[in-house]
file model.cif (mmCIF, C-alpha atoms)
data_work
loop_
_atom_site.label_atom_id
_atom_site.label_comp_id
_atom_site.auth_asym_id
_atom_site.auth_seq_id
_atom_site.Cartn_x
_atom_site.Cartn_y
_atom_site.Cartn_z
CA MET H 1 -17.67 -1.30 -5.46
CA GLU H 2 -17.04 -4.33 -7.68
CA SER H 3 -14.28 -2.51 -9.54
CA ARG H 4 -12.56 -1.60 -6.26
CA ILE H 5 -12.70 -5.22 -5.10
CA LEU H 6 -11.18 -6.31 -8.41
CA GLN H 7 -8.45 -3.69 -7.99
CA LEU H 8 -7.74 -4.98 -4.49
CA ILE H 9 -7.46 -8.54 -5.80
CA ALA H 10 -5.13 -7.42 -8.60
CA ALA H 11 -2.98 -5.48 -6.13
CA LEU H 12 -2.79 -8.50 -3.82
CA ARG H 13 -1.61 -10.67 -6.69
CA ALA H 14 0.91 -8.04 -7.79
CA SER H 15 2.21 -8.00 -4.20
CA GLY H 16 2.83 -11.75 -4.28
CA VAL H 17 -0.39 -13.00 -2.69
CA ARG H 18 -1.85 -15.98 -4.52
CA VAL H 19 -5.57 -15.48 -5.14
CA SER H 20 -7.34 -18.01 -7.33
CA LEU H 21 -10.38 -17.36 -9.48
CA ALA H 22 -12.46 -19.46 -7.11
CA GLU H 23 -11.35 -17.34 -4.15
CA SER H 24 -12.14 -14.18 -6.09
CA ALA H 25 -15.65 -15.45 -6.78
CA GLU H 26 -16.05 -16.44 -3.13
CA SER H 27 -15.15 -12.91 -2.05
CA PHE H 28 -18.01 -11.46 -4.10
CA SER H 29 -20.40 -14.05 -2.71
CA ALA H 30 -19.31 -13.22 0.83
CA VAL H 31 -19.83 -9.50 0.22
CA ASP H 32 -23.30 -10.20 -1.19
CA ILE H 33 -24.18 -12.07 2.00
CA MET H 34 -22.50 -9.79 4.55
CA GLY H 35 -23.16 -6.50 2.78
CA ILE H 36 -21.03 -3.36 2.85
CA GLN H 37 -22.84 -1.28 5.46
CA ASP H 38 -20.64 -2.55 8.29
CA ARG H 39 -17.10 -1.68 7.20
CA GLU H 40 -15.43 -4.11 9.60
CA GLN H 41 -17.60 -7.04 8.50
CA PHE H 42 -17.00 -6.10 4.87
CA LYS H 43 -13.25 -6.12 5.51
CA LEU H 44 -13.34 -9.46 7.34
CA SER H 45 -15.42 -11.10 4.61
CA LEU H 46 -12.83 -10.10 2.01
CA ARG H 47 -9.91 -11.16 4.16
CA ALA H 48 -11.47 -14.54 4.97
CA THR H 49 -12.00 -15.38 1.30
CA LEU H 50 -8.90 -13.84 -0.28
CA ILE H 51 -6.20 -14.64 2.29
CA LYS H 52 -5.31 -18.26 3.01
CA ASP H 53 -1.79 -17.81 4.38
CA ILE H 54 -1.26 -15.95 7.65
CA LYS H 55 1.91 -14.32 6.30
CA ASP H 56 -0.20 -12.47 3.70
CA ILE H 57 -2.44 -10.77 6.28
CA PRO H 58 -0.13 -7.71 6.67
CA THR H 59 -0.26 -7.16 2.91
CA PHE H 60 -4.05 -7.27 2.97
CA GLU H 61 -4.19 -4.94 5.97
CA LYS H 62 -1.99 -2.44 4.16
CA LEU H 63 -3.89 -2.55 0.88
CA PHE H 64 -7.49 -2.62 2.13
CA PRO H 65 -7.66 0.98 3.45
CA LEU H 66 -5.98 2.24 0.29
CA PHE H 67 -8.91 0.98 -1.78
CA PHE H 68 -11.73 1.43 0.71
CA GLY H 69 -10.57 4.30 2.89
CA THR H 70 -10.13 4.43 6.64
CA GLY H 71 -13.69 5.42 7.38
CA GLN H 72 -12.59 8.74 8.84
CA PRO H 73 -12.02 12.08 7.05
CA PRO H 74 -8.79 14.00 7.72
CA MET H 75 -9.05 15.92 10.98
CA MET H 76 -8.93 19.68 10.55
CA GLY H 77 -8.53 22.09 13.42
CA GLY H 78 -11.05 24.63 12.17
CA ASN H 79 -10.76 28.29 11.28
CA PRO H 80 -9.08 30.44 13.96
CA THR H 81 -10.60 33.60 12.49
CA ASP H 82 -14.18 32.53 13.23
CA ASP H 83 -14.28 34.07 16.70
CA MET H 84 -11.83 36.94 16.18
CA THR H 85 -12.76 40.44 17.18
CA PRO H 86 -12.78 43.07 14.39
CA GLU H 87 -9.52 44.45 15.76
CA GLU H 88 -7.83 41.04 15.68
CA ALA H 89 -9.10 40.38 12.15
CA GLN H 90 -7.68 43.74 11.07
CA MET H 91 -4.31 42.88 12.62
CA LEU H 92 -4.25 39.59 10.73
CA ALA H 93 -5.13 41.25 7.43
CA GLU H 94 -2.37 43.82 7.90
CA ALA H 95 0.20 41.19 8.88
CA LEU H 96 -0.60 39.07 5.83
CA LYS H 97 0.11 41.94 3.45
CA GLN H 98 3.86 41.50 3.89
CA PHE H 99 3.76 38.13 2.12
CA ALA H 100 3.62 37.48 -1.61
CA GLU H 101 0.20 36.74 -3.09
CA GLN H 102 0.75 33.03 -3.66
CA MET H 103 2.18 32.51 -0.18
CA ARG H 104 -0.64 34.54 1.34
CA GLN H 105 -3.24 32.35 -0.39
CA ARG H 106 -1.62 29.18 0.91
CA MET H 107 -1.43 30.55 4.43
CA GLN H 108 -5.06 31.66 4.38
CA ARG H 109 -6.13 28.27 3.11
CA LEU H 110 -4.39 26.55 6.00
CA MET H 111 -5.90 29.00 8.45
CA ASN H 112 -9.35 28.32 7.00
CA GLY H 113 -8.88 24.55 7.30
CA GLU H 114 -9.75 23.90 3.65
CA PRO H 115 -8.73 20.43 2.40
CA LEU H 116 -7.33 19.99 -1.08
CA THR H 117 -9.76 19.14 -3.86
CA ARG H 118 -9.45 15.92 -5.84
CA SER H 119 -8.31 17.82 -8.93
CA GLU H 120 -5.62 19.58 -6.90
CA LEU H 121 -4.38 16.26 -5.55
CA GLU H 122 -4.36 14.81 -9.06
CA ALA H 123 -2.33 17.76 -10.34
CA LEU H 124 0.17 17.45 -7.49
CA GLY H 125 0.52 13.72 -8.07
CA LYS H 126 1.18 14.23 -11.75
CA LEU H 127 3.72 16.93 -10.95
CA VAL H 128 5.83 14.65 -8.74
CA GLY H 129 5.55 11.54 -10.93
CA LEU H 130 3.10 9.64 -8.73
CA ASN H 131 1.26 8.24 -11.74
CA GLN H 132 4.36 6.31 -12.82
CA ALA H 133 5.01 4.66 -9.45
CA ASP H 134 3.49 1.45 -8.07
CA ASN H 135 5.66 0.60 -5.07
CA LEU H 136 3.84 1.10 -1.77
CA ASN H 137 7.15 1.59 -0.01
CA TYR H 138 7.32 4.99 -1.72
CA GLN H 139 4.07 6.26 -0.18
CA ASN H 140 5.66 8.55 2.42
CA TRP H 141 8.35 9.70 0.01
CA MET H 142 5.79 10.62 -2.64
CA ALA H 143 3.66 12.40 -0.04
CA GLN H 144 6.68 14.42 1.04
CA ARG H 145 7.38 15.39 -2.56
CA MET H 146 3.79 16.55 -2.95
CA MET H 147 4.07 18.63 0.22
CA ARG H 148 7.30 20.18 -1.01
CA ALA H 149 5.52 21.02 -4.26
CA LEU H 150 2.99 22.89 -2.13
CA ALA H 151 5.89 24.72 -0.47
CA PHE H 152 4.98 23.29 2.94
CA PRO H 153 8.37 24.09 4.53
CA GLU H 154 8.18 27.69 3.31
CA VAL H 155 4.57 28.03 4.45
CA ARG H 156 5.49 26.70 7.88
CA GLU H 157 8.24 29.30 8.23
CA ALA H 158 5.94 32.05 6.96
CA LEU H 159 3.29 31.12 9.52
CA LYS H 160 5.88 31.23 12.28
CA GLU H 161 6.86 34.69 11.12
CA LEU H 162 3.19 35.69 10.99
CA MET H 163 2.63 34.63 14.61
CA GLU H 164 5.60 36.71 15.74
CA GLN H 165 4.34 39.69 13.76
CA LEU H 166 0.87 39.47 15.31
CA GLN H 167 2.34 39.44 18.81
CA GLN H 168 4.39 42.52 17.99
CA MET H 169 1.25 44.23 16.72
CA GLY H 170 -0.44 43.68 20.09
CA MET H 171 -2.46 40.48 19.66
CA SER H 172 -2.70 38.58 22.93
CA ARG H 173 -0.42 35.62 23.55
CA GLU H 174 -3.44 33.39 24.20
CA ARG H 175 -5.01 34.26 20.85
CA VAL H 176 -1.75 33.75 18.97
CA GLU H 177 -1.25 30.37 20.65
CA GLN H 178 -4.80 29.36 19.78
CA MET H 179 -4.19 30.28 16.15
CA ARG H 180 -0.92 28.37 16.10
CA GLU H 181 -2.54 25.19 17.44
CA MET H 182 -5.46 25.30 15.01
CA ILE H 183 -3.20 25.98 12.02
CA GLN H 184 -0.94 23.12 13.10
CA GLN H 185 -3.94 20.78 13.19
CA ASN H 186 -4.98 21.98 9.75
CA MET H 187 -1.50 21.29 8.40
CA GLN H 188 -1.52 17.80 9.88
CA GLY H 189 -4.95 17.17 8.36
CA MET H 190 -3.72 18.24 4.92
CA GLN H 191 -0.60 16.10 5.28
CA GLU H 192 -2.80 13.11 6.14
CA GLN H 193 -4.98 13.83 3.11
CA ILE H 194 -1.93 13.94 0.83
CA ASN H 195 -0.47 10.77 2.34
CA ARG H 196 -3.74 8.90 1.85
CA PHE H 197 -3.99 10.03 -1.75
CA ALA H 198 -0.41 8.95 -2.45
CA GLY H 199 -1.11 5.50 -1.01
CA GLU H 200 -4.37 5.13 -2.92
CA ARG H 201 -2.78 6.09 -6.22
CA LEU H 202 0.17 3.75 -5.69
CA ALA H 203 -2.22 0.90 -4.88
CA GLU H 204 -4.29 1.63 -7.99
CA ASN H 205 -1.14 1.69 -10.12
CA LEU H 206 -0.07 -1.58 -8.52
CA SER H 207 -3.40 -3.19 -9.41
CA GLU H 208 -2.92 -2.14 -13.04
CA ARG H 209 0.61 -3.55 -13.31
CA PRO H 210 0.76 -6.03 -16.21
CA ARG H 211 0.87 -9.59 -14.94
CA GLY H 212 3.87 -11.51 -16.16
CA ASP H 213 3.62 -14.99 -17.62
CA ASN H 214 5.06 -16.68 -14.53
CA ILE H 215 3.71 -20.02 -13.44
CA ASP H 216 1.81 -18.66 -10.42
CA ASN H 217 -0.20 -16.29 -12.60
CA LEU H 218 -0.91 -18.94 -15.22
CA MET H 219 -2.10 -21.43 -12.60
CA ASN H 220 -4.75 -18.94 -11.48
CA ARG H 221 -6.23 -18.48 -14.96
CA PRO H 222 -9.04 -20.58 -16.44
CA PHE H 223 -7.74 -23.04 -19.03
CA GLN H 224 -9.94 -21.51 -21.73
CA ALA H 225 -8.22 -18.15 -21.22
CA LEU H 226 -4.73 -19.53 -21.84
CA SER H 227 -2.99 -18.77 -25.10
CA ASP H 228 -0.94 -21.37 -26.97
CA ALA H 229 2.21 -19.81 -25.50
CA ASP H 230 0.73 -20.03 -21.99
CA LYS H 231 -0.08 -23.71 -22.53
CA LYS H 232 3.49 -24.39 -23.63
CA ILE H 233 4.81 -22.75 -20.45
CA LEU H 234 2.49 -24.87 -18.33
CA GLY H 235 3.46 -27.97 -20.31
CA ARG H 236 7.15 -27.38 -19.64
CA GLU H 237 6.43 -26.89 -15.96
CA VAL H 238 4.47 -30.16 -15.80
CA LYS H 239 7.33 -32.03 -17.49
CA LYS H 240 9.86 -30.59 -15.04
CA THR H 241 7.64 -31.58 -12.14
CA CYS H 242 7.30 -35.13 -13.51
CA ARG H 243 11.08 -35.43 -13.88
CA ARG H 244 11.60 -34.30 -10.29
CA ILE H 245 9.04 -36.80 -9.02
CA THR H 246 10.60 -39.63 -11.05
CA HIS H 247 14.10 -38.76 -9.85
CA THR H 248 12.98 -38.65 -6.22
CA HIS H 249 11.22 -42.00 -6.57
CA CYS H 250 14.31 -43.62 -8.11
CA LEU H 251 16.52 -42.38 -5.29
CA ALA H 252 14.12 -43.70 -2.69
CA SER H 253 13.93 -47.10 -4.41
CA LYS H 254 17.70 -47.38 -4.66
CA LYS H 255 18.12 -46.59 -1.00
CA ASN H 256 15.61 -49.24 0.01
CA GLU H 257 17.09 -51.95 -2.23
CA GLU H 258 20.77 -51.42 -1.48
CA ARG H 259 22.35 -53.07 1.54
CA THR H 260 25.79 -52.11 2.69
CA ILE H 261 28.06 -53.89 5.14
CA ARG H 262 31.17 -52.21 6.36
CA PHE H 263 33.99 -54.10 7.95
CA LYS H 264 36.87 -52.63 9.77
CA ILE H 265 39.93 -54.86 10.01
CA ASN H 266 42.91 -54.02 12.22
CA HIS H 267 41.45 -50.55 12.69
CA SER H 268 42.92 -49.47 9.37
CA CYS H 269 41.46 -51.40 6.45
CA LYS H 270 37.85 -50.92 5.39
CA PHE H 271 35.78 -53.14 3.13
CA LYS H 272 32.48 -52.21 1.54
CA ILE H 273 30.31 -55.06 0.33
CA SER H 274 27.13 -54.13 -1.49
CA TRP H 275 24.42 -56.15 -3.11
CA ARG H 276 21.01 -55.49 -4.51
CA ALA H 277 17.78 -57.19 -3.60
CA ASP H 278 17.61 -58.80 -7.04
CA GLY H 279 20.89 -60.63 -6.33
CA ASN H 280 23.07 -58.62 -8.77
#

call {"tool": "encode", "arguments": {"input": "model.cif", "output": "structure tokens"}}
result
Amino acid sequence: MESRILQLIAALRASGVRVSLAESAESFSAVDIMGIQDREQFKLSLRATLIKDIKDIPTFEKLFPLFFGTGQPPMMGGNPTDDMTPEEAQMLAEALKQFAEQMRQRMQRLMNGEPLTRSELEALGKLVGLNQADNLNYQNWMAQRMMRALAFPEVREALKELMEQLQQMGMSRERVEQMREMIQQNMQGMQEQINRFAGERLAENLSERPRGDNIDNLMNRPFQALSDADKKILGREVKKTCRRITHTHCLASKKNEERTIRFKINHSCKFKISWRADGN
């Protein structure tokens, strides 16, 4: 659990949310107090300690379920063959013979409502380049690529053809419609599973993105952890800030000290008389 919280914090920072070391420590303290049994309280304790700007709440809401799940498994429609009569099961077996072995296996898996295993998801992700991506905007696109790698469009067409074949073989319209609905639910459940996995992997990759030496990142590190190069960067930033403050102060002082009188003579000639408070 601690590693997932650290990954969430890293992903928040990589997404532009400023999270200090103190806030990170507070999040662990809050979790220790509130516990993790109640998912909503766990989520709120992390959000309360890690998010200080209201504009960062959507980022947190998007990342949290990618590291800690939604609390609900993908919904599958079940296996339409469970209550088939022997005659209907025989029809289905005969109709499936017309398809190639690989396609038949994929169709049967969808009909059985079997979700993909973790190793299968990992292999699909590697196949489509998911391991090299860390932009959450690509979640749906990556999920679609994974589904294409599983030949989802072809499987969908094959299942449509299968339903038509079963009707021609004498299976009742009600039974065919029941099968179609359950298979459709199974497909949606598998699509949801793939989409979740794509989002989780992108979020994990995002949390592992190397942090650049920009000033925001350096300001959130303990001083003892800074290298000599980091200290030089901070030193330059401090000097620039001091120059800006000095410049602003000088401008304000000049404005307060200077007095200007404008005269307008004959509506055409303007005079500008200026003096300083010190008489010069």

call {"tool": "closest_residue", "arguments": {"input": "model.cif", "among": "H:Ile36, H:Met187, H:Ala158, H:Leu92", "to": "Leu116 in chain H", "atoms": "only C-alpha atoms"}}
result
H:Met187

call {"tool": "resolve_selection", "arguments": {"input": "model.cif", "expression": "the PyMOL selection byres ((chain H and resi 17) around 9)", "output": "number ranges by chain"}}
result
H: 9, 11-16, 18-19, 50-51, 53, 56, 59-60

call {"tool": "write_last_selection", "arguments": {"input": "model.cif", "atoms": "C-alpha atoms", "output": "PDB file, in the frame of the given file"}}
result
ATOM      1  CA  ILE H   9      -7.460  -8.540  -5.800  1.00  0.00           C
ATOM      2  CA  ALA H  11      -2.980  -5.480  -6.130  1.00  0.00           C
ATOM      3  CA  LEU H  12      -2.790  -8.500  -3.820  1.00  0.00           C
ATOM      4  CA  ARG H  13      -1.610 -10.670  -6.690  1.00  0.00           C
ATOM      5  CA  ALA H  14       0.910  -8.040  -7.790  1.00  0.00           C
ATOM      6  CA  SER H  15       2.210  -8.000  -4.200  1.00  0.00           C
ATOM      7  CA  GLY H  16       2.830 -11.750  -4.280  1.00  0.00           C
ATOM      8  CA  ARG H  18      -1.850 -15.980  -4.520  1.00  0.00           C
ATOM      9  CA  VAL H  19      -5.570 -15.480  -5.140  1.00  0.00           C
ATOM     10  CA  LEU H  50      -8.900 -13.840  -0.280  1.00  0.00           C
ATOM     11  CA  ILE H  51      -6.200 -14.640   2.290  1.00  0.00           C
ATOM     12  CA  ASP H  53      -1.790 -17.810   4.380  1.00  0.00           C
ATOM     13  CA  ASP H  56      -0.200 -12.470   3.700  1.00  0.00           C
ATOM     14  CA  THR H  59      -0.260  -7.160   2.910  1.00  0.00           C
ATOM     15  CA  PHE H  60      -4.050  -7.270   2.970  1.00  0.00           C
TER      16      PHE H  60
END

call {"tool": "resolve_selection", "arguments": {"input": "model.cif", "expression": "the PyMOL selection byres ((chain H and resi 182) around 12)", "output": "PyMOL selection string"}}
result
chain H and resi 75-82+110-113+159+175-181+183-189

call {"tool": "resolve_selection", "arguments": {"input": "model.cif", "expression": "the PyMOL selection byres ((chain H and resi 44) around 12)", "output": "PDB file with C-alpha atoms, keeping the file's coordinate frame"}}
result
ATOM      1  CA  SER H  27     -15.150 -12.910  -2.050  1.00  0.00           C
ATOM      2  CA  ALA H  30     -19.310 -13.220   0.830  1.00  0.00           C
ATOM      3  CA  VAL H  31     -19.830  -9.500   0.220  1.00  0.00           C
ATOM      4  CA  MET H  34     -22.500  -9.790   4.550  1.00  0.00           C
ATOM      5  CA  GLY H  35     -23.160  -6.500   2.780  1.00  0.00           C
ATOM      6  CA  ILE H  36     -21.030  -3.360   2.850  1.00  0.00           C
ATOM      7  CA  ASP H  38     -20.640  -2.550   8.290  1.00  0.00           C
ATOM      8  CA  ARG H  39     -17.100  -1.680   7.200  1.00  0.00           C
ATOM      9  CA  GLU H  40     -15.430  -4.110   9.600  1.00  0.00           C
ATOM     10  CA  GLN H  41     -17.600  -7.040   8.500  1.00  0.00           C
ATOM     11  CA  PHE H  42     -17.000  -6.100   4.870  1.00  0.00           C
ATOM     12  CA  LYS H  43     -13.250  -6.120   5.510  1.00  0.00           C
ATOM     13  CA  SER H  45     -15.420 -11.100   4.610  1.00  0.00           C
ATOM     14  CA  LEU H  46     -12.830 -10.100   2.010  1.00  0.00           C
ATOM     15  CA  ARG H  47      -9.910 -11.160   4.160  1.00  0.00           C
ATOM     16  CA  ALA H  48     -11.470 -14.540   4.970  1.00  0.00           C
ATOM     17  CA  THR H  49     -12.000 -15.380   1.300  1.00  0.00           C
ATOM     18  CA  LEU H  50      -8.900 -13.840  -0.280  1.00  0.00           C
ATOM     19  CA  ILE H  51      -6.200 -14.640   2.290  1.00  0.00           C
ATOM     20  CA  ILE H  57      -2.440 -10.770   6.280  1.00  0.00           C
ATOM     21  CA  PHE H  60      -4.050  -7.270   2.970  1.00  0.00           C
ATOM     22  CA  GLU H  61      -4.190  -4.940   5.970  1.00  0.00           C
ATOM     23  CA  PHE H  64      -7.490  -2.620   2.130  1.00  0.00           C
TER      24      PHE H  64
END

call {"tool": "residues_around", "arguments": {"input": "model.cif", "residues": "range 146-151 of chain H", "least_positions_apart": "5", "cutoff": "9 Å", "atoms": "all atoms listed in the file", "output": "list in words"}}
result
Met103, Arg106, Leu121, Leu124, Gly125, Leu127, Val128, Trp141, Arg156, Gln191, Ile194, Asn195 and Ala198 of chain H

call {"tool": "axis_aligned_box", "arguments": {"input": "model.cif", "around": "range 146-162 of chain H", "padding_each_side": "5 Å", "output": "JSON"}}
result
{"center_x": 5.7, "center_y": 26.1, "center_z": 4.0, "size_x": 15.4, "size_y": 29.1, "size_z": 26.5}

call {"tool": "atom_distance", "arguments": {"input": "model.cif", "atom1": "CA of Gly199 in chain H", "atom2": "CA of Leu63 in chain H"}}
result
8.7 Å

call {"tool": "atom_distance", "arguments": {"input": "model.cif", "atom1": "CA of Gly69 in chain H", "atom2": "CA of Glu208 in chain H"}}
result
18.8 Å

call {"tool": "atom_distance", "arguments": {"input": "model.cif", "atom1": "CA of Arg201 in chain H", "atom2": "CA of Asn137 in chain H"}}
result
12.5 Å
